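Participant: Contents of query-v4.csv (CSV, C-alpha atoms and all ligand atoms) are given next:
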```csv
chain,number,residue,atom,x,y,z
A,1226,MET,CA,-118.2,-135.8,-41.7
A,1227,GLU,CA,-115.2,-134.7,-43.7
A,1228,ILE,CA,-116.2,-132.4,-46.5
A,1229,ALA,CA,-113.2,-133.0,-48.8
A,1230,GLY,CA,-114.1,-135.6,-51.5
A,1231,GLN,CA,-117.8,-135.6,-50.7
A,1232,THR,CA,-120.6,-134.8,-53.2
A,1233,ALA,CA,-123.2,-132.3,-52.1
A,1234,ILE,CA,-126.4,-131.0,-53.5
A,1235,VAL,CA,-127.3,-127.4,-52.8
A,1236,THR,CA,-130.7,-125.9,-53.8
A,1237,GLY,CA,-131.2,-122.2,-54.4
A,1238,ALA,CA,-127.5,-122.4,-55.4
A,1239,ALA,CA,-127.4,-119.5,-57.9
A,1240,SER,CA,-127.8,-116.7,-55.4
A,1241,GLY,CA,-127.4,-115.5,-51.8
A,1242,LEU,CA,-127.0,-118.1,-49.0
A,1243,GLY,CA,-127.0,-121.1,-51.4
A,1244,LEU,CA,-124.3,-119.6,-53.5
A,1245,ALA,CA,-122.1,-118.9,-50.4
A,1246,VAL,CA,-122.6,-122.6,-49.4
A,1247,VAL,CA,-121.6,-123.8,-52.9
A,1248,ARG,CA,-118.4,-121.7,-52.7
A,1249,ALA,CA,-117.6,-122.9,-49.1
A,1250,LEU,CA,-118.1,-126.6,-50.0
A,1251,VAL,CA,-116.0,-126.4,-53.2
A,1252,GLY,CA,-113.4,-124.5,-51.2
A,1253,GLN,CA,-113.3,-127.5,-48.8
A,1254,GLY,CA,-112.8,-130.0,-51.6
A,1255,ALA,CA,-116.4,-131.1,-52.3
A,1256,HIS,CA,-118.2,-131.7,-55.6
A,1257,VAL,CA,-121.5,-129.8,-55.7
A,1258,ALA,CA,-124.6,-130.2,-57.7
A,1259,ALA,CA,-125.9,-126.7,-57.8
A,1260,LEU,CA,-129.7,-126.7,-58.2
A,1261,ASP,CA,-131.8,-123.6,-59.0
A,1262,LEU,CA,-134.3,-122.2,-61.5
A,1263,PRO,CA,-132.9,-122.0,-65.0
A,1264,GLY,CA,-130.9,-118.8,-65.8
A,1265,PRO,CA,-127.4,-117.4,-66.6
A,1266,ALA,CA,-126.4,-117.2,-62.9
A,1267,LEU,CA,-126.9,-120.9,-62.5
A,1268,GLN,CA,-125.1,-121.8,-65.8
A,1269,GLY,CA,-122.2,-119.5,-64.8
A,1270,LEU,CA,-121.4,-121.9,-61.9
A,1271,ALA,CA,-120.5,-124.8,-64.2
A,1272,GLY,CA,-117.0,-126.1,-63.7
A,1273,ASP,CA,-115.0,-129.2,-62.8
A,1274,SER,CA,-116.4,-129.3,-59.2
A,1275,VAL,CA,-119.9,-127.9,-59.9
A,1276,LEU,CA,-122.8,-129.4,-61.9
A,1277,PRO,CA,-125.6,-126.9,-62.5
A,1278,LEU,CA,-129.1,-128.5,-62.3
A,1279,ALA,CA,-131.9,-126.3,-63.6
A,1280,CYS,CA,-135.0,-127.4,-61.7
A,1281,ASN,CA,-138.0,-126.2,-59.7
A,1282,VAL,CA,-137.7,-127.7,-56.2
A,1283,ALA,CA,-141.5,-127.9,-56.0
A,1284,ASP,CA,-141.8,-130.1,-59.0
A,1285,GLY,CA,-141.8,-133.8,-58.1
A,1286,PRO,CA,-140.9,-135.5,-61.5
A,1287,ALA,CA,-138.5,-132.7,-62.4
A,1288,MET,CA,-136.6,-133.2,-59.1
A,1289,GLU,CA,-136.5,-136.9,-59.7
A,1290,GLY,CA,-134.8,-136.2,-63.1
A,1291,ALA,CA,-132.3,-133.8,-61.4
A,1292,PHE,CA,-131.4,-136.5,-58.8
A,1293,ARG,CA,-130.9,-139.0,-61.7
A,1294,ALA,CA,-128.5,-136.5,-63.3
A,1295,LEU,CA,-126.6,-136.2,-60.0
A,1296,THR,CA,-126.3,-140.0,-59.8
A,1297,ASP,CA,-125.0,-140.2,-63.3
A,1298,TRP,CA,-122.4,-137.4,-62.5
A,1299,ARG,CA,-121.1,-138.6,-59.1
A,1300,GLY,CA,-123.0,-141.7,-58.1
A,1301,GLY,CA,-125.0,-139.9,-55.4
A,1302,ALA,CA,-124.6,-137.3,-52.7
A,1303,ARG,CA,-124.1,-137.5,-48.9
A,1304,ILE,CA,-124.7,-133.8,-48.2
A,1305,LEU,CA,-128.0,-131.9,-48.9
A,1306,VAL,CA,-128.3,-128.2,-48.2
A,1307,ASN,CA,-131.8,-126.7,-48.9
A,1308,CYS,CA,-131.6,-123.0,-49.6
A,1309,ALA,CA,-134.2,-122.5,-52.4
A,1310,GLY,CA,-136.9,-120.1,-51.1
A,1311,VAL,CA,-139.2,-117.2,-51.9
A,1312,LEU,CA,-140.5,-114.4,-49.6
A,1313,ALA,CA,-143.8,-114.1,-51.4
A,1314,PRO,CA,-145.4,-111.5,-49.1
A,1315,ALA,CA,-149.1,-111.4,-49.2
A,1316,ARG,CA,-151.8,-109.7,-47.1
A,1317,VAL,CA,-155.0,-111.8,-46.7
A,1318,PHE,CA,-157.1,-109.1,-48.4
A,1319,ARG,CA,-156.7,-105.9,-50.4
A,1320,ARG,CA,-158.9,-102.9,-50.2
A,1321,ALA,CA,-158.5,-100.6,-53.3
A,1322,ARG,CA,-159.5,-96.9,-52.9
A,1323,SER,CA,-162.5,-95.8,-54.9
A,1324,ALA,CA,-162.3,-92.8,-57.2
A,1325,ASP,CA,-163.6,-90.5,-54.5
A,1326,GLY,CA,-160.9,-91.6,-52.0
A,1327,SER,CA,-163.2,-93.7,-49.8
A,1328,PRO,CA,-162.2,-97.3,-49.0
A,1329,GLY,CA,-163.5,-99.7,-51.6
A,1330,ARG,CA,-164.5,-103.3,-51.0
A,1331,ALA,CA,-162.1,-105.8,-49.6
A,1332,THR,CA,-160.8,-108.3,-52.1
A,1333,PRO,CA,-159.6,-111.6,-50.6
A,1334,ARG,CA,-156.1,-112.6,-51.6
A,1335,PRO,CA,-156.0,-115.4,-54.3
A,1336,LEU,CA,-155.0,-118.7,-52.7
A,1337,SER,CA,-152.2,-119.0,-55.4
A,1338,ASP,CA,-150.1,-116.5,-53.4
A,1339,LEU,CA,-150.2,-118.7,-50.3
A,1340,ARG,CA,-149.6,-121.8,-52.3
A,1341,ARG,CA,-146.4,-120.3,-53.8
A,1342,ALA,CA,-144.7,-119.8,-50.5
A,1343,ILE,CA,-145.8,-123.3,-49.2
A,1344,ASP,CA,-144.9,-125.0,-52.5
A,1345,VAL,CA,-141.4,-123.6,-52.8
A,1346,ASN,CA,-140.3,-123.3,-49.2
A,1347,LEU,CA,-142.0,-126.3,-47.6
A,1348,THR,CA,-143.0,-128.8,-50.3
A,1349,GLY,CA,-139.7,-128.0,-52.2
A,1350,THR,CA,-137.7,-128.7,-49.1
A,1351,PHE,CA,-139.5,-132.0,-48.4
A,1352,ASN,CA,-139.2,-132.9,-52.2
A,1353,SER,CA,-135.4,-132.9,-52.1
A,1354,ILE,CA,-135.2,-134.6,-48.8
A,1355,ARG,CA,-137.3,-137.6,-49.9
A,1356,LEU,CA,-135.2,-138.1,-53.0
A,1357,PHE,CA,-131.8,-137.6,-51.1
A,1358,ALA,CA,-132.7,-139.9,-48.2
A,1359,ALA,CA,-134.2,-142.7,-50.3
A,1360,ALA,CA,-131.0,-142.8,-52.5
A,1361,LEU,CA,-128.8,-142.9,-49.4
A,1362,ALA,CA,-130.9,-145.6,-47.8
A,1363,ASP,CA,-130.4,-147.6,-51.0
A,1364,GLY,CA,-126.7,-147.3,-50.5
A,1365,SER,CA,-125.8,-145.0,-53.4
A,1366,GLY,CA,-124.0,-142.5,-51.1
A,1367,GLY,CA,-122.0,-144.9,-49.0
A,1368,ASP,CA,-122.3,-146.1,-45.5
A,1369,GLY,CA,-120.7,-145.5,-42.1
A,1370,PRO,CA,-121.6,-143.9,-38.9
A,1371,ASP,CA,-122.2,-140.5,-40.5
A,1372,CYS,CA,-123.8,-141.5,-43.8
A,1373,GLY,CA,-125.5,-138.2,-44.7
A,1374,VAL,CA,-126.3,-134.7,-43.5
A,1375,ILE,CA,-129.3,-132.5,-44.4
A,1376,VAL,CA,-129.3,-128.8,-43.7
A,1377,ASN,CA,-132.6,-126.9,-44.2
A,1378,THR,CA,-133.1,-123.2,-44.2
A,1379,ALA,CA,-136.0,-122.0,-42.0
A,1380,SER,CA,-136.1,-118.4,-40.8
A,1381,VAL,CA,-136.7,-116.4,-37.6
A,1382,ALA,CA,-140.0,-115.7,-39.4
A,1383,ALA,CA,-141.0,-119.3,-38.3
A,1384,HIS,CA,-141.6,-117.7,-34.9
A,1385,GLU,CA,-141.9,-114.0,-35.5
A,1386,ALA,CA,-143.2,-113.3,-39.0
A,1387,LEU,CA,-144.3,-109.8,-39.7
A,1388,SER,CA,-147.6,-108.7,-41.1
A,1389,ALA,CA,-148.2,-109.8,-44.8
A,1390,GLN,CA,-145.9,-112.8,-44.0
A,1391,ALA,CA,-148.5,-115.3,-42.9
A,1392,GLY,CA,-147.7,-117.6,-45.8
A,1393,TYR,CA,-144.0,-117.2,-45.6
A,1394,GLY,CA,-144.0,-117.6,-41.8
A,1395,ALA,CA,-146.2,-120.7,-42.0
A,1396,SER,CA,-143.9,-122.2,-44.6
A,1397,LYS,CA,-140.8,-121.6,-42.5
A,1398,ALA,CA,-142.5,-122.9,-39.4
A,1399,GLY,CA,-143.2,-126.0,-41.4
A,1400,VAL,CA,-139.5,-126.4,-42.2
A,1401,ALA,CA,-138.6,-125.9,-38.6
A,1402,ALA,CA,-141.2,-128.4,-37.4
A,1403,MET,CA,-139.9,-131.1,-39.9
A,1404,THR,CA,-136.5,-131.0,-38.4
A,1405,LEU,CA,-137.0,-133.3,-35.3
A,1406,PRO,CA,-139.3,-135.9,-36.9
A,1407,LEU,CA,-137.0,-136.2,-39.9
A,1408,ALA,CA,-133.9,-136.5,-37.6
A,1409,ARG,CA,-135.7,-139.3,-35.7
A,1410,GLU,CA,-136.9,-141.1,-38.9
A,1411,LEU,CA,-133.5,-141.0,-40.6
A,1412,ALA,CA,-131.3,-141.7,-37.5
A,1413,ARG,CA,-131.2,-145.4,-38.2
A,1414,PHE,CA,-129.6,-144.7,-41.6
A,1415,GLY,CA,-127.0,-142.4,-40.1
A,1416,ILE,CA,-128.5,-139.3,-41.6
A,1417,ARG,CA,-128.6,-136.1,-39.5
A,1418,VAL,CA,-131.1,-133.3,-40.1
A,1419,VAL,CA,-130.5,-129.7,-38.9
A,1420,ALA,CA,-132.2,-126.4,-39.7
A,1421,VAL,CA,-130.8,-122.9,-39.7
A,1422,ALA,CA,-133.1,-120.0,-38.9
A,1423,PRO,CA,-131.4,-116.9,-40.2
A,1424,GLY,CA,-132.3,-113.4,-39.2
A,1425,SER,CA,-131.8,-110.7,-41.9
A,1426,PHE,CA,-129.1,-111.5,-44.4
A,1427,ASP,CA,-127.7,-109.4,-47.2
A,1428,THR,CA,-129.1,-111.3,-50.2
A,1429,GLY,CA,-131.6,-111.0,-53.1
A,1430,VAL,CA,-134.5,-111.9,-50.7
A,1431,PHE,CA,-133.7,-109.0,-48.5
A,1432,ALA,CA,-133.5,-106.6,-51.5
A,1433,ASP,CA,-137.2,-107.1,-52.0
A,1434,VAL,CA,-138.1,-105.7,-48.5
A,1435,PRO,CA,-139.1,-102.0,-48.6
A,1436,ALA,CA,-136.3,-99.6,-47.7
A,1437,HIS,CA,-137.9,-98.2,-44.4
A,1438,THR,CA,-138.5,-101.8,-43.3
A,1439,GLN,CA,-134.9,-102.8,-44.1
A,1440,ALA,CA,-133.7,-99.8,-42.0
A,1441,GLN,CA,-135.8,-100.9,-39.0
A,1442,LEU,CA,-134.7,-104.5,-39.3
A,1443,ILE,CA,-131.1,-103.5,-39.1
A,1444,ARG,CA,-131.8,-101.1,-36.2
A,1445,ASP,CA,-133.4,-104.0,-34.3
A,1446,VAL,CA,-130.4,-106.3,-34.4
A,1447,PRO,CA,-128.7,-105.9,-31.0
A,1448,PHE,CA,-125.3,-107.1,-32.0
A,1449,PRO,CA,-123.7,-107.2,-34.5
A,1450,HIS,CA,-125.6,-104.2,-35.7
A,1451,ARG,CA,-125.8,-105.1,-39.4
A,1452,LEU,CA,-127.2,-107.6,-41.8
A,1453,GLY,CA,-125.7,-111.1,-41.8
A,1454,ARG,CA,-123.3,-112.0,-44.5
A,1455,PRO,CA,-123.9,-115.1,-46.7
A,1456,GLU,CA,-120.4,-116.4,-45.8
A,1457,GLU,CA,-121.5,-116.5,-42.1
A,1458,PHE,CA,-124.4,-118.7,-43.0
A,1459,ALA,CA,-122.1,-120.9,-45.0
A,1460,ARG,CA,-119.6,-121.2,-42.1
A,1461,LEU,CA,-122.4,-122.5,-39.9
A,1462,VAL,CA,-123.4,-125.1,-42.6
A,1463,VAL,CA,-119.8,-126.3,-42.7
A,1464,GLU,CA,-119.8,-126.7,-38.9
A,1465,ILE,CA,-123.1,-128.6,-39.0
A,1466,ILE,CA,-121.7,-131.0,-41.6
A,1467,GLY,CA,-118.6,-131.6,-39.5
A,1468,ASN,CA,-120.2,-131.8,-36.0
A,1469,GLN,CA,-121.9,-135.2,-35.4
A,1470,MET,CA,-123.7,-134.1,-32.2
A,1471,LEU,CA,-125.7,-131.5,-34.2
A,1472,ASN,CA,-128.9,-133.2,-35.0
A,1473,GLY,CA,-132.6,-132.5,-34.8
A,1474,ALA,CA,-132.0,-128.8,-33.9
A,1475,VAL,CA,-133.2,-125.5,-35.3
A,1476,LEU,CA,-130.3,-123.0,-34.9
A,1477,ARG,CA,-131.0,-119.3,-34.9
A,1478,LEU,CA,-128.3,-117.2,-36.7
A,1479,ASP,CA,-129.6,-113.8,-36.1
A,1480,GLY,CA,-127.5,-111.4,-33.9
A,1481,ALA,CA,-130.1,-111.8,-31.1
A,1482,VAL,CA,-132.8,-110.1,-33.2
A,1483,ARG,CA,-136.5,-110.5,-32.3
A,1484,MET,CA,-138.6,-109.3,-35.2
A,1485,ARG,CA,-141.2,-106.6,-34.4
A,1486,GLU,CA,-143.7,-105.0,-36.6
A,1487,PRO,CA,-142.2,-102.1,-38.7
A,1488,GLU,CA,-143.3,-98.6,-38.0
A,1489,ALA,CA,-145.3,-97.0,-40.8
A,1490,ALA,CA,-143.1,-95.2,-43.5
A,1491,THR,CA,-143.1,-91.4,-43.1
B,1,LIG,N1,-131.8,-113.4,-46.7
B,1,LIG,C1,-132.5,-113.4,-45.6
B,1,LIG,O1,-132.6,-112.4,-44.9
B,1,LIG,C2,-133.2,-114.7,-45.2
B,1,LIG,C3,-133.6,-114.7,-43.8
B,1,LIG,C4,-134.3,-115.9,-43.4
B,1,LIG,C5,-134.4,-117.0,-44.3
B,1,LIG,N2,-133.9,-116.9,-45.6
B,1,LIG,C6,-134.1,-118.0,-46.4
B,1,LIG,O2,-132.8,-118.4,-47.0
B,1,LIG,C7,-133.0,-119.1,-48.2
B,1,LIG,C8,-132.1,-118.5,-49.3
B,1,LIG,O3,-132.6,-117.2,-49.6
B,1,LIG,P1,-131.6,-116.0,-50.0
B,1,LIG,O4,-131.7,-115.0,-48.9
B,1,LIG,O5,-130.3,-116.6,-50.3
B,1,LIG,O6,-132.3,-115.4,-51.2
B,1,LIG,P2,-132.0,-115.4,-52.8
B,1,LIG,O7,-133.2,-114.9,-53.5
B,1,LIG,O8,-130.7,-114.7,-53.0
B,1,LIG,O9,-131.8,-117.0,-53.1
B,1,LIG,C9,-132.9,-117.8,-53.2
B,1,LIG,C10,-132.6,-118.7,-54.4
B,1,LIG,O10,-133.7,-119.7,-54.5
B,1,LIG,C11,-134.0,-119.9,-55.8
B,1,LIG,N3,-135.4,-120.4,-56.0
B,1,LIG,C12,-136.5,-119.7,-55.8
B,1,LIG,N4,-137.6,-120.5,-56.1
B,1,LIG,C13,-137.1,-121.7,-56.6
B,1,LIG,C14,-137.6,-122.9,-57.0
B,1,LIG,N5,-139.0,-123.0,-57.1
B,1,LIG,N6,-136.8,-123.9,-57.4
B,1,LIG,C15,-135.5,-123.8,-57.3
B,1,LIG,N7,-134.9,-122.6,-56.9
B,1,LIG,C16,-135.6,-121.6,-56.5
B,1,LIG,C17,-133.9,-118.5,-56.5
B,1,LIG,O11,-133.7,-118.6,-57.9
B,1,LIG,C18,-132.6,-118.0,-55.8
B,1,LIG,O12,-131.4,-118.3,-56.5
B,1,LIG,C19,-134.5,-118.9,-48.5
B,1,LIG,O13,-135.2,-120.1,-48.2
B,1,LIG,C20,-135.0,-117.8,-47.7
B,1,LIG,O14,-136.3,-117.9,-47.3
B,1,LIG,C21,-133.3,-115.7,-46.0
```
Could you quickly redo this structure as structure tokens?
Ligand SMILES: NC(=O)c1ccc[n+]([C@@H]2O[C@H](COP(=O)([O-])OP(=O)(O)OC[C@H]3O[C@@H](n4cnc5c(N)ncnc54)[C@H](O)[C@@H]3O)[C@@H](O)[C@H]2O)c1
Facilitator:
Amino acid sequence: MEIAGQTAIVTGAASGLGLAVVRALVGQGAHVAALDLPGPALQGLAGDSVLPLACNVADGPAMEGAFRALTDWRGGARILVNCAGVLAPARVFRRARSADGSPGRATPRPLSDLRRAIDVNLTGTFNSIRLFAAALADGSGGDGPDCGVIVNTASVAAHEALSAQAGYGASKAGVAAMTLPLARELARFGIRVVAVAPGSFDTGVFADVPAHTQAQLIRDVPFPHRLGRPEEFARLVVEIIGNQMLNGAVLRLDGAVRMREPEAAT
């Protein structure tokens, strides 16, 4: 698919990987609906080629409203890039120390912490896909052999999540597992579905990781021996959009890293 002249929707567009994708697509001549939670970073993207849409990806009716606004703006989109996500680390229980220093009772983690990762990362991804695909199947985006492209963001944590990442890893494994069945389901409409599984990239999500864990994650990348750059993610997204044979695949973008449990901080 040629990107110039297309309309795209990018979620998680105000920051990190999503923001790099917005810039790359606009640079190639696309119009982009930039969807993220409300805030100045999102509003700052407004321009001739960019429509900011303030919305929670996990909210069904709100996303329906956002897609209506997109239709009013450009008649629909043929490219969807899902980048909205949260790390939401959570151990399954906590054990507070008692006043005398002995281990206290274990308190199970509230379910709301698991639900947050699943809601945003997995349900949020499916939410935008259902609205995008239904609109395309109704012909609002156009037709032709390459009618639409969906790029989802999984993670290497889909396979190798670290401790306290059970919810995050499960949500990303869900995104990876959706890829093939969605590609099969949407093939007859000419819509391709591909997921990217990044390693460690230099964005807001990574900034929340403790410093000693960050240092180990970088040490563990065989080559190149550094964090990924958001522009490198965006370049792969551009290639996926343009390359019709890429479909139903989960592509690692990780410098050959295989995550291992961080050593304890000293
Ligand atoms: N940076 C990494 O190392 C890395 C590695 C693997 C996967 N990922 C995934 O890449 C994606 C992008 O993350 P990033 O690294 O750019 O982080 P980021 O924090 O810079 O960007 C994430 C964006 O998603 C938005 N967002 C969060 N919850 C939302 C919601 N409910 N509705 C709408 N928008 C929401 C945030 O506001 C933010 O702008 C995420 O899915 C993340 O899990 C990142």
Participant: Would you tabulate, counting all atoms listed in the file, all residues of chain A that have an atom at most 8 Å from an atom of ligand LIG 1 (chain B), showing the closest pair of atoms and their distance in Å to one decimal, sorted by chain then ascending number, as JSON lines?
Facilitator:
```
{"residue": "A:Thr1236", "atom": "CA", "partner": "B:LIG1", "partner_atom": "N7", "distance": 6.2}
{"residue": "A:Gly1237", "atom": "CA", "partner": "B:LIG1", "partner_atom": "O10", "distance": 3.5}
{"residue": "A:Ala1238", "atom": "CA", "partner": "B:LIG1", "partner_atom": "O12", "distance": 5.8}
{"residue": "A:Ala1239", "atom": "CA", "partner": "B:LIG1", "partner_atom": "O12", "distance": 4.4}
{"residue": "A:Ser1240", "atom": "CA", "partner": "B:LIG1", "partner_atom": "O12", "distance": 4.1}
{"residue": "A:Gly1241", "atom": "CA", "partner": "B:LIG1", "partner_atom": "O5", "distance": 3.4}
{"residue": "A:Leu1242", "atom": "CA", "partner": "B:LIG1", "partner_atom": "O5", "distance": 3.9}
{"residue": "A:Gly1243", "atom": "CA", "partner": "B:LIG1", "partner_atom": "O5", "distance": 5.7}
{"residue": "A:Leu1244", "atom": "CA", "partner": "B:LIG1", "partner_atom": "O5", "distance": 7.4}
{"residue": "A:Leu1260", "atom": "CA", "partner": "B:LIG1", "partner_atom": "C15", "distance": 6.5}
{"residue": "A:Asp1261", "atom": "CA", "partner": "B:LIG1", "partner_atom": "N7", "distance": 3.9}
{"residue": "A:Leu1262", "atom": "CA", "partner": "B:LIG1", "partner_atom": "C15", "distance": 4.7}
{"residue": "A:Pro1263", "atom": "CA", "partner": "B:LIG1", "partner_atom": "O11", "distance": 7.9}
{"residue": "A:Leu1267", "atom": "CA", "partner": "B:LIG1", "partner_atom": "O12", "distance": 7.9}
{"residue": "A:Ala1279", "atom": "CA", "partner": "B:LIG1", "partner_atom": "C15", "distance": 7.7}
{"residue": "A:Cys1280", "atom": "CA", "partner": "B:LIG1", "partner_atom": "C15", "distance": 5.7}
{"residue": "A:Asn1281", "atom": "CA", "partner": "B:LIG1", "partner_atom": "N6", "distance": 3.5}
{"residue": "A:Val1282", "atom": "CA", "partner": "B:LIG1", "partner_atom": "N6", "distance": 4.1}
{"residue": "A:Ala1283", "atom": "CA", "partner": "B:LIG1", "partner_atom": "N5", "distance": 5.6}
{"residue": "A:Asp1284", "atom": "CA", "partner": "B:LIG1", "partner_atom": "N5", "distance": 7.9}
{"residue": "A:Asn1307", "atom": "CA", "partner": "B:LIG1", "partner_atom": "O13", "distance": 7.5}
{"residue": "A:Cys1308", "atom": "CA", "partner": "B:LIG1", "partner_atom": "C7", "distance": 4.4}
{"residue": "A:Ala1309", "atom": "CA", "partner": "B:LIG1", "partner_atom": "O10", "distance": 3.5}
{"residue": "A:Gly1310", "atom": "CA", "partner": "B:LIG1", "partner_atom": "O13", "distance": 3.4}
{"residue": "A:Val1311", "atom": "CA", "partner": "B:LIG1", "partner_atom": "C12", "distance": 5.4}
{"residue": "A:Leu1312", "atom": "CA", "partner": "B:LIG1", "partner_atom": "O14", "distance": 5.9}
{"residue": "A:Asp1344", "atom": "CA", "partner": "B:LIG1", "partner_atom": "N5", "distance": 7.7}
{"residue": "A:Val1345", "atom": "CA", "partner": "B:LIG1", "partner_atom": "N5", "distance": 5.0}
{"residue": "A:Asn1346", "atom": "CA", "partner": "B:LIG1", "partner_atom": "O13", "distance": 6.1}
{"residue": "A:Gly1349", "atom": "CA", "partner": "B:LIG1", "partner_atom": "N5", "distance": 7.0}
{"residue": "A:Thr1378", "atom": "CA", "partner": "B:LIG1", "partner_atom": "O13", "distance": 5.5}
{"residue": "A:Ala1379", "atom": "CA", "partner": "B:LIG1", "partner_atom": "C5", "distance": 5.7}
{"residue": "A:Ser1380", "atom": "CA", "partner": "B:LIG1", "partner_atom": "C4", "distance": 4.0}
{"residue": "A:Val1381", "atom": "CA", "partner": "B:LIG1", "partner_atom": "C4", "distance": 6.3}
{"residue": "A:Ala1382", "atom": "CA", "partner": "B:LIG1", "partner_atom": "C4", "distance": 7.0}
{"residue": "A:Tyr1393", "atom": "CA", "partner": "B:LIG1", "partner_atom": "O14", "distance": 7.9}
{"residue": "A:Lys1397", "atom": "CA", "partner": "B:LIG1", "partner_atom": "O14", "distance": 7.5}
{"residue": "A:Ala1422", "atom": "CA", "partner": "B:LIG1", "partner_atom": "C4", "distance": 6.2}
{"residue": "A:Pro1423", "atom": "CA", "partner": "B:LIG1", "partner_atom": "C4", "distance": 4.4}
{"residue": "A:Gly1424", "atom": "CA", "partner": "B:LIG1", "partner_atom": "C3", "distance": 5.0}
{"residue": "A:Ser1425", "atom": "CA", "partner": "B:LIG1", "partner_atom": "O1", "distance": 3.5}
{"residue": "A:Phe1426", "atom": "CA", "partner": "B:LIG1", "partner_atom": "O1", "distance": 3.6}
{"residue": "A:Asp1427", "atom": "CA", "partner": "B:LIG1", "partner_atom": "N1", "distance": 5.7}
{"residue": "A:Thr1428", "atom": "CA", "partner": "B:LIG1", "partner_atom": "O8", "distance": 4.7}
{"residue": "A:Gly1429", "atom": "CA", "partner": "B:LIG1", "partner_atom": "O8", "distance": 3.8}
{"residue": "A:Val1430", "atom": "CA", "partner": "B:LIG1", "partner_atom": "O6", "distance": 4.2}
{"residue": "A:Phe1431", "atom": "CA", "partner": "B:LIG1", "partner_atom": "O1", "distance": 5.1}
{"residue": "A:Leu1452", "atom": "CA", "partner": "B:LIG1", "partner_atom": "O1", "distance": 7.9}
{"residue": "A:Gly1453", "atom": "CA", "partner": "B:LIG1", "partner_atom": "O1", "distance": 7.7}
{"residue": "A:Pro1455", "atom": "CA", "partner": "B:LIG1", "partner_atom": "O5", "distance": 7.5}
```
Participant: Step by step: start from the point (-133.2, -140.7, -52.5) in the file's coordinates, keep every protein, DNA or RNA residue that has an atom no farther than 12 Å from it, count all atoms listed in the file, and write the set as a PyMOL selection string.
Facilitator: chain A and resi 1234+1288-1293+1295-1296+1300-1305+1351-1366+1373+1411+1416
Participant: Could you please take those selected residues and save C-alpha atoms as a short mmCIF file (atom, residue, chain, number, x, y, z; two decimals), keeping the file's coordinate frame?
Facilitator:
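Printed below is part_16.cif as written:
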```cif
data_model
loop_
_atom_site.label_atom_id
_atom_site.label_comp_id
_atom_site.auth_asym_id
_atom_site.auth_seq_id
_atom_site.Cartn_x
_atom_site.Cartn_y
_atom_site.Cartn_z
CA ILE A 1234 -126.40 -131.00 -53.50
CA MET A 1288 -136.60 -133.20 -59.10
CA GLU A 1289 -136.50 -136.90 -59.70
CA GLY A 1290 -134.80 -136.20 -63.10
CA ALA A 1291 -132.30 -133.80 -61.40
CA PHE A 1292 -131.40 -136.50 -58.80
CA ARG A 1293 -130.90 -139.00 -61.70
CA LEU A 1295 -126.60 -136.20 -60.00
CA THR A 1296 -126.30 -140.00 -59.80
CA GLY A 1300 -123.00 -141.70 -58.10
CA GLY A 1301 -125.00 -139.90 -55.40
CA ALA A 1302 -124.60 -137.30 -52.70
CA ARG A 1303 -124.10 -137.50 -48.90
CA ILE A 1304 -124.70 -133.80 -48.20
CA LEU A 1305 -128.00 -131.90 -48.90
CA PHE A 1351 -139.50 -132.00 -48.40
CA ASN A 1352 -139.20 -132.90 -52.20
CA SER A 1353 -135.40 -132.90 -52.10
CA ILE A 1354 -135.20 -134.60 -48.80
CA ARG A 1355 -137.30 -137.60 -49.90
CA LEU A 1356 -135.20 -138.10 -53.00
CA PHE A 1357 -131.80 -137.60 -51.10
CA ALA A 1358 -132.70 -139.90 -48.20
CA ALA A 1359 -134.20 -142.70 -50.30
CA ALA A 1360 -131.00 -142.80 -52.50
CA LEU A 1361 -128.80 -142.90 -49.40
CA ALA A 1362 -130.90 -145.60 -47.80
CA ASP A 1363 -130.40 -147.60 -51.00
CA GLY A 1364 -126.70 -147.30 -50.50
CA SER A 1365 -125.80 -145.00 -53.40
CA GLY A 1366 -124.00 -142.50 -51.10
CA GLY A 1373 -125.50 -138.20 -44.70
CA LEU A 1411 -133.50 -141.00 -40.60
CA ILE A 1416 -128.50 -139.30 -41.60
#
```
Participant: Go through A:Val1306, A:Arg1319, A:Val1421, A:Asp1479 and flag the residue nearest Thr1404 in chain A, using only C-alpha atoms for the distances.
Facilitator: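 Going through A:Val1306, A:Arg1319, A:Val1421, A:Asp1479 one by one, the smallest distance to Thr1404 in chain A is for A:Val1421.
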Participant: Could you tell me which of A:Asp1338, A:Glu1410, A:Glu1486, A:Glu1227 comes closest to Gly1467 in chain A if we count only C-alpha atoms?
Facilitator: A:Glu1227
Participant: Please indicate the distance in Å from CA of Leu1276 in chain A to CA of Arg1248 in chain A, rounded to one decimal place.
Facilitator: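 One can read the CA of Leu1276 in chain A to CA of Arg1248 in chain A distance as 12.8 Å.
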Participant: For range 1433-1440 of chain A, work out the shell of residues within 8 Å, counting all atoms listed in the file and skipping chain neighbours fewer than 4 positions away, then give it as a ChimeraX atom specification.
Facilitator: /A:1429,1444,1487-1488,1490
Participant: Interatomic distance between CA of Ala1271 in chain A and CA of Gln1231 in chain A?
Facilitator: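 That distance, rounded to one decimal, is 17.5 Å.
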Participant: If you measure from CA of Ser1388 in chain A to CA of Ala1315 in chain A, what distance in Å do you get, rounded to one decimal?
Facilitator: 8.7 Å
Participant: Any idea what's packed within 9 Å of Asp1371 in chain A, counting all atoms listed in the file, ignoring anything in its chain fewer than 2 positions away? Could you give it as a PyMOL selection string?
Facilitator: chain A and resi 1226+1368-1369+1373-1374+1414-1417+1469
Participant: Which of these, A:Cys1372, A:Val1247, A:Val1475, A:Leu1270, has the shortest distance to Arg1413 in chain A once you count only C-alpha atoms?
Facilitator: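 So, comparing all the options, the nearest one is A:Cys1372.
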